[in-house]
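Asks: The structure follows.
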Amino acid sequence: MKCLICKNTHMKEGTTLLPIERGNAILLITDIPAQVCTNCGEPYLDEDTARDVQALANETLAGEVSYAEVRGDRTVLVAPFA
Ligand SMILES: [Zn+2]
């Protein structure tokens, strides 16, 4: 596998985090397993992981977005990917 950013071909197992924005709410999903470029640190998720991250985001945000809108300011939620 080759890094799209710096063309380095060395990856190591690691974790990353992804911010997902919906309305006023920002969900930060942490501890996502990823292949991380050893040169520039760019994370690469496999397809299954990316799909599970989206599912977790939808599940977590479903109950939180309306609350965030009522408050009228930005709300940051954090969900560890397990
Ligand atoms: Zn790289």
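In the structure tokens, the first chain shown is A, the next is B, and so on; residue numbers restart at 1 for each chain, and ligands run from 1 in the order shown.
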Enumerate as a list of chain:residue names the residues within 6 Å of ligand 1, counting only C-alpha atoms and all ligand atoms.
Replies: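 Every residue with an atom at most 6 Å from ligand 1 is listed here: A:Cys3, A:Ile5, A:Cys6, A:Asn8, A:Cys37, A:Asn39, A:Cys40, A:Gly41, A:Glu42.
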Asks: Export C-alpha atoms of the chosen residues as an mmCIF file, in the first residue's frame?
Replies:
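The resulting file, again.cif, is shown below:
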```cif
data_model
loop_
_atom_site.group_PDB
_atom_site.id
_atom_site.type_symbol
_atom_site.label_atom_id
_atom_site.label_comp_id
_atom_site.auth_asym_id
_atom_site.auth_seq_id
_atom_site.Cartn_x
_atom_site.Cartn_y
_atom_site.Cartn_z
ATOM 1 C CA CYS A 3 0.544 6.714 0.789
ATOM 2 C CA ILE A 5 0.035 12.111 0.260
ATOM 3 C CA CYS A 6 3.772 11.427 0.271
ATOM 4 C CA ASN A 8 5.770 6.406 1.069
ATOM 5 C CA CYS A 37 1.857 6.161 7.035
ATOM 6 C CA ASN A 39 6.402 9.132 7.055
ATOM 7 C CA CYS A 40 3.564 11.679 7.206
ATOM 8 C CA GLY A 41 1.081 10.047 9.588
ATOM 9 C CA GLU A 42 -1.827 9.928 7.118
#
```
Asks: What are the DSSP helix (DSSP H, G or I) residues of chain A, as a count of residues only?
Replies: 23
Asks: Near stretch 57-65 of chain A, within 10 Å and counting only C-alpha atoms, which residues show up once chain neighbours fewer than 2 positions away are dropped, as a PyMOL selection string?
Replies: chain A and resi 19-29+51-55+67-70+75+77-79+81
Asks: When distances are computed from only C-alpha atoms, which of A:Gly14, A:Leu4, A:Pro80, A:Asp73 shows the smallest separation from A:Val36?
Replies: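 Among the listed residues, A:Gly14 lies closest to A:Val36.
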Asks: Please, what distance in Å, to one decimal, runs between atom CA of A:Met11 and atom CA of A:Leu45?
Replies: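 Computed distance, atom CA of A:Met11 to atom CA of A:Leu45, equals 11.7 Å.
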Asks: Quick one: distance from atom CA of A:Thr49 to atom CA of A:Leu18 in Å, one decimal?
Replies: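 It comes out at 11.9 Å.
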Asks: Take atom CA of A:Lys12 and atom CA of A:Asp31 and report the distance between them in Å, one decimal.
Replies: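 Computing it gives 14.8 Å between the two atoms.
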Asks: Residues of chain A classed as strand (DSSP E or B) by DSSP on the backbone are to be reported as a ChimeraX atom specification.
Replies: /A:11-22,25-37,43-44,75-80
Asks: Restricting the output to C-alpha atoms, write the selected residues as an mmCIF file, in the first residue's frame.
Replies:
```cif
data_model
loop_
_atom_site.group_PDB
_atom_site.id
_atom_site.type_symbol
_atom_site.label_atom_id
_atom_site.label_comp_id
_atom_site.auth_asym_id
_atom_site.auth_seq_id
_atom_site.Cartn_x
_atom_site.Cartn_y
_atom_site.Cartn_z
ATOM 1 C CA MET A 11 2.484 1.632 6.865
ATOM 2 C CA LYS A 12 2.139 0.601 10.469
ATOM 3 C CA GLU A 13 -0.833 -0.520 12.543
ATOM 4 C CA GLY A 14 -2.222 2.349 14.535
ATOM 5 C CA THR A 15 -5.344 4.249 15.424
ATOM 6 C CA THR A 16 -6.831 7.487 14.253
ATOM 7 C CA LEU A 17 -9.768 9.778 14.958
ATOM 8 C CA LEU A 18 -12.343 11.251 12.625
ATOM 9 C CA PRO A 19 -14.580 14.294 13.087
ATOM 10 C CA ILE A 20 -18.085 13.993 11.615
ATOM 11 C CA GLU A 21 -20.253 17.094 11.411
ATOM 12 C CA ARG A 22 -24.074 17.097 11.472
ATOM 13 C CA ALA A 25 -23.053 18.779 16.408
ATOM 14 C CA ILE A 26 -19.550 17.530 15.812
ATOM 15 C CA LEU A 27 -18.914 13.924 16.650
ATOM 16 C CA LEU A 28 -15.345 12.900 17.202
ATOM 17 C CA ILE A 29 -14.813 9.172 16.804
ATOM 18 C CA THR A 30 -11.608 8.063 18.446
ATOM 19 C CA ASP A 31 -9.496 4.909 18.563
ATOM 20 C CA ILE A 32 -10.338 3.808 15.019
ATOM 21 C CA PRO A 33 -7.952 1.085 13.859
ATOM 22 C CA ALA A 34 -6.054 2.240 10.779
ATOM 23 C CA GLN A 35 -2.923 1.769 8.714
ATOM 24 C CA VAL A 36 -0.834 4.846 9.395
ATOM 25 C CA CYS A 37 1.857 6.161 7.035
ATOM 26 C CA PRO A 43 -4.307 7.272 8.318
ATOM 27 C CA TYR A 44 -5.962 4.756 5.963
ATOM 28 C CA THR A 75 -21.698 20.652 20.572
ATOM 29 C CA VAL A 76 -18.799 18.237 20.449
ATOM 30 C CA LEU A 77 -19.496 14.616 21.161
ATOM 31 C CA VAL A 78 -16.836 11.968 21.540
ATOM 32 C CA ALA A 79 -17.406 8.301 20.809
ATOM 33 C CA PRO A 80 -14.647 5.718 21.092
#
```
